[in-house]
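What follows is work09.cif (mmCIF, C-alpha atoms).
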```cif
data_run
#
loop_
_atom_site.label_atom_id
_atom_site.label_comp_id
_atom_site.auth_asym_id
_atom_site.auth_seq_id
_atom_site.Cartn_x
_atom_site.Cartn_y
_atom_site.Cartn_z
CA MET A 1 -90.21 59.22 39.41
CA ARG A 2 -87.80 58.25 36.63
CA ILE A 3 -84.85 55.84 37.20
CA THR A 4 -81.88 56.18 34.89
CA THR A 5 -79.84 53.05 34.28
CA ALA A 6 -77.28 54.60 31.92
CA ILE A 7 -75.09 56.09 34.68
CA PRO A 8 -74.19 52.77 36.39
CA THR A 9 -73.45 51.29 32.96
CA LEU A 10 -71.13 54.19 32.11
CA ILE A 11 -69.33 53.88 35.44
CA LEU A 12 -68.82 50.14 34.94
CA THR A 13 -67.60 50.62 31.36
CA GLY A 14 -65.19 53.38 32.42
CA GLY A 15 -63.80 51.20 35.20
CA LEU A 16 -63.22 48.30 32.83
CA LEU A 17 -61.53 50.47 30.22
CA ALA A 18 -59.23 52.03 32.81
CA GLY A 19 -57.56 48.63 33.24
CA CYS A 20 -57.09 48.26 29.47
CA THR A 21 -54.36 50.84 29.03
CA PRO A 22 -51.30 49.55 27.21
CA GLY A 23 -48.72 48.24 29.64
CA ALA A 24 -51.10 48.26 32.61
CA MET A 25 -50.25 44.66 33.52
CA THR A 26 -46.59 44.35 32.53
CA VAL A 27 -43.66 46.61 32.02
CA SER A 28 -41.00 45.53 29.60
CA ARG A 29 -37.41 46.41 30.22
CA PRO A 30 -35.63 48.34 27.49
CA ALA A 31 -33.12 46.36 25.47
CA GLU A 32 -30.36 48.90 26.06
CA ALA A 33 -26.83 47.64 26.55
CA PRO A 34 -25.94 47.37 30.24
CA ALA A 35 -22.90 49.23 31.60
CA THR A 36 -20.14 46.75 32.41
CA GLN A 37 -16.44 46.02 32.03
CA MET A 38 -17.18 42.66 30.40
CA THR A 39 -16.53 41.85 26.75
CA ALA A 40 -19.38 41.85 24.25
CA GLU A 41 -19.37 38.03 24.26
CA GLN A 42 -19.57 37.92 28.06
CA VAL A 43 -22.46 40.44 28.04
CA ALA A 44 -24.32 38.38 25.41
CA ALA A 45 -23.85 35.20 27.46
CA ALA A 46 -24.96 36.87 30.70
CA THR A 47 -27.97 38.47 29.04
CA ALA A 48 -29.04 35.09 27.68
CA VAL A 49 -29.07 33.89 31.28
CA THR A 50 -30.87 36.81 32.92
CA ARG A 51 -33.65 37.54 30.39
CA ALA A 52 -36.88 35.54 30.04
CA PRO A 53 -40.29 36.26 28.54
CA ALA A 54 -43.08 37.61 30.70
CA PRO A 55 -45.50 34.93 31.91
CA ARG A 56 -48.95 34.65 30.40
CA PRO A 57 -51.57 36.48 32.47
CA ALA A 58 -53.60 34.23 34.74
CA ALA A 59 -56.14 35.03 37.40
CA ARG A 60 -54.60 32.67 39.97
CA ALA A 61 -51.09 31.88 38.83
CA THR A 62 -48.71 29.95 41.04
CA ALA A 63 -45.05 30.84 41.48
CA ALA A 64 -44.12 27.94 39.19
CA GLN A 65 -46.42 29.27 36.45
CA LEU A 66 -44.97 32.78 36.76
CA ASP A 67 -41.35 31.59 36.48
CA THR A 68 -40.65 31.46 32.73
CA THR A 69 -36.92 30.80 33.04
CA THR A 70 -35.56 27.52 31.71
CA PRO A 71 -33.66 24.94 33.77
CA GLU A 72 -30.55 25.85 31.76
CA GLN A 73 -30.96 29.54 32.66
CA ARG A 74 -31.39 28.70 36.34
CA ALA A 75 -28.25 26.53 36.30
CA ALA A 76 -26.23 29.22 34.51
CA ALA A 77 -27.48 31.96 36.85
CA ALA A 78 -26.46 29.90 39.89
CA ARG A 79 -22.84 29.39 38.70
CA PRO A 80 -20.12 31.24 40.61
CA ALA A 81 -18.68 34.47 39.23
CA GLU A 82 -16.23 33.99 36.36
CA ALA A 83 -14.69 37.48 36.56
CA ALA A 84 -13.93 40.04 39.22
CA GLU A 85 -16.98 41.71 40.70
CA THR A 86 -17.40 44.96 42.62
CA ARG A 87 -19.43 44.85 45.83
CA LEU A 88 -22.07 47.60 45.72
CA GLY A 89 -23.56 47.03 49.16
CA THR A 90 -26.23 45.23 51.13
CA THR A 91 -29.96 45.77 50.70
CA ILE A 92 -33.24 44.43 52.02
CA ALA A 93 -34.94 42.50 49.23
CA SER A 94 -38.62 42.03 48.56
CA LEU A 95 -40.47 40.30 45.75
CA GLY A 96 -40.75 42.55 42.71
CA ASN A 97 -43.42 42.36 39.99
CA PRO A 98 -43.85 38.61 39.36
CA SER A 99 -45.17 39.28 35.85
CA GLU A 100 -41.71 40.53 34.75
CA GLY A 101 -39.70 37.54 33.57
CA GLY A 102 -36.00 36.87 34.04
CA PHE A 103 -33.41 37.40 36.74
CA TRP A 104 -33.20 41.03 37.88
CA ILE A 105 -32.97 43.37 40.85
CA LYS A 106 -34.27 46.92 40.98
CA THR A 107 -32.11 48.68 43.52
CA PRO A 108 -31.08 52.18 44.57
CA LEU A 109 -27.50 50.85 44.81
CA VAL A 110 -27.06 51.40 41.03
CA LYS A 111 -27.51 54.54 38.96
CA GLU A 112 -27.37 52.83 35.55
CA ARG A 113 -28.32 49.44 34.17
CA GLY A 114 -25.74 46.71 34.28
CA LEU A 115 -25.04 43.08 34.96
CA GLY A 116 -24.29 41.67 38.35
CA ARG A 117 -24.94 39.11 41.03
CA ILE A 118 -26.93 38.95 44.23
CA VAL A 119 -25.86 36.76 47.15
CA ASP A 120 -27.73 35.58 50.23
CA PRO A 121 -24.96 35.79 52.87
CA SER A 122 -26.79 33.39 55.19
CA THR A 123 -26.63 30.53 52.66
CA GLY A 124 -23.99 31.63 50.16
CA LYS A 125 -26.40 31.01 47.26
CA SER A 126 -26.19 33.51 44.42
CA ALA A 127 -27.88 34.50 41.16
CA LYS A 128 -26.67 36.42 38.12
CA VAL A 129 -29.06 39.32 37.54
CA ASP A 130 -29.72 42.44 35.52
CA LEU A 131 -29.07 45.46 37.74
CA ILE A 132 -31.82 48.05 37.26
CA PRO A 133 -31.80 51.48 38.96
CA LEU A 134 -34.56 52.22 41.46
CA ASP A 135 -35.23 55.75 42.70
CA GLY A 136 -34.68 56.32 46.37
CA PRO A 137 -31.94 56.51 48.99
CA GLU A 138 -29.21 53.84 48.92
CA SER A 139 -30.49 52.68 52.31
CA GLY A 140 -33.88 51.91 50.71
CA GLY A 141 -34.94 48.39 49.89
CA SER A 142 -34.77 46.60 46.56
CA GLN A 143 -37.18 44.59 44.43
CA VAL A 144 -36.03 41.18 43.17
CA SER A 145 -37.56 38.98 40.48
CA LEU A 146 -39.40 35.84 41.47
CA PRO A 147 -36.93 33.46 39.72
CA ALA A 148 -33.95 35.16 41.40
CA LEU A 149 -35.49 34.85 44.88
CA GLN A 150 -36.31 31.21 44.20
CA LEU A 151 -32.73 30.56 43.08
CA LEU A 152 -31.50 32.02 46.38
CA GLY A 153 -33.89 29.68 48.20
CA VAL A 154 -35.62 32.60 49.90
CA SER A 155 -39.30 32.52 50.82
CA LEU A 156 -41.27 34.90 48.61
CA THR A 157 -42.76 36.54 51.73
CA ASP A 158 -39.41 37.09 53.53
CA LEU A 159 -37.42 40.31 53.49
CA PRO A 160 -33.84 38.96 53.37
CA SER A 161 -30.71 41.04 53.53
CA ILE A 162 -28.73 40.35 50.34
CA GLU A 163 -25.40 41.52 48.94
CA VAL A 164 -25.29 43.14 45.49
CA TYR A 165 -22.29 42.96 43.14
CA ARG A 166 -21.61 44.50 39.71
CA SER A 167 -19.87 42.31 37.10
#
```
Go ahead and express the file in the form of structure tokens.
Amino acid sequence: MRITTAIPTLILTGGLLAGCTPGAMTVSRPAEAPATQMTAEQVAAATAVTRAPAPRPAARATAAQLDTTTPEQRAAAARPAEAAETRLGTTIASLGNPSEGGFWIKTPLVKERGLGRIVDPSTGKSAKVDLIPLDGPESGGSQVSLPALQLLGVSLTDLPSIEVYRS
């Protein structure tokens, strides 16, 4: 009887390589200009607040290690709205991909990228965010970045109802 050891090695190698595809761990957001009624200067200032680099990969990262936003960005994102905003609706929020940095919400309430704000109506806390379209019915839930949920003071395991506004 002959035992072949090459097959388990090939299976293991194939499994390891499957996880090595480009972009398998993180997805970067395109740098396209968001749709808004704000001036170019206002868009640049808001984008400086909502964008942050992706965290370094770690096997057991904590929420603090995954949040790559600066204290200045968190303070700016928490400031009240400076211009009129349009209420888009209410959605159930869950934690999105924690390896995507910055303040953002992926929601079916928008059909094109833009800038906006999310508000927790139970506390009144808010965060400036990038609005990113998410396929699905408008009644579907939304995914929110880890730093944005933390700014709202929401537990990362809760499913809060939040209000979404476009700037």
Expected selection from the PyMOL selection byres ((chain A and resi 162) around 7), given as a ChimeraX atom specification: /A:90-93,118-121,160-161,163-164
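Evaluated on this file, the PyMOL selection byres ((chain A and resi 145) around 10) matches Asp67, Ala93, Ser94, Leu95, Gly96, Asn97, Pro98, Ser99, Glu100, Gly101, Gly102, Phe103, Trp104, Ile105, Lys106, Val129, Asp130, Gln143, Val144, Leu146, Pro147, Ala148, Leu149, Gln150 and Leu156 of chain A.
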Hits from the PyMOL selection byres ((chain A and resi 83) around 9), listed as a ChimeraX atom specification: /A:38,81-82,84-85,167
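Between atom CA of A:Ala64 and atom CA of A:Tyr165 the separation is 26.8 Å.
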Nearest candidate to A:Ala77 (options A:Arg166, A:Thr157, A:Ala40, A:Arg51; using all atoms listed in the file):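 Among the listed residues, the smallest separation from A:Ala77 belongs to A:Arg51.
Of note, atom CA of A:Pro71 and atom CA of A:Leu151 are spaced 10.9 Å apart.
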With all atoms of stretch 83-97 of chain A from the file as input, state the centre and edge lengths in Å to one decimal of the axis-aligned box that has 4 Å extra on each side, as AutoDock Vina command-line options.
```
--center_x -28.7 --center_y 42.5 --center_z 44.3 --size_x 37.5 --size_y 18.1 --size_z 23.5
```
Pairwise distance for atom CA of A:Val110 and atom CA of A:Asp135, rounded to one decimal in Å: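 It comes out at 9.4 Å.
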Tell me, as a PDB file with C-alpha atoms, in the frame of the given file, which residues lie within 8 Å of A:Ala78, counting only C-alpha atoms; anything in the same chain fewer than 4 positions away does not count.
```pdb
ATOM      1  CA  ARG A  74     -31.390  28.700  36.340  1.00  0.00           C
ATOM      2  CA  LYS A 125     -26.400  31.010  47.260  1.00  0.00           C
ATOM      3  CA  SER A 126     -26.190  33.510  44.420  1.00  0.00           C
ATOM      4  CA  ALA A 127     -27.880  34.500  41.160  1.00  0.00           C
ATOM      5  CA  LYS A 128     -26.670  36.420  38.120  1.00  0.00           C
ATOM      6  CA  LEU A 151     -32.730  30.560  43.080  1.00  0.00           C
TER       7      LEU A 151
END
```
Of the listed residues A:Gln73, A:Asp158, A:Leu152, A:Leu66, that which approaches A:Gly124 most closely, counting only C-alpha atoms: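 Of all the options, A:Leu152 lies closest to A:Gly124.
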Option closest in space to A:Ile132, from A:Thr39, A:Thr107, A:Thr62, A:Thr69 [counting only C-alpha atoms]: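 That would be A:Thr107, the residue with the smallest distance to A:Ile132.
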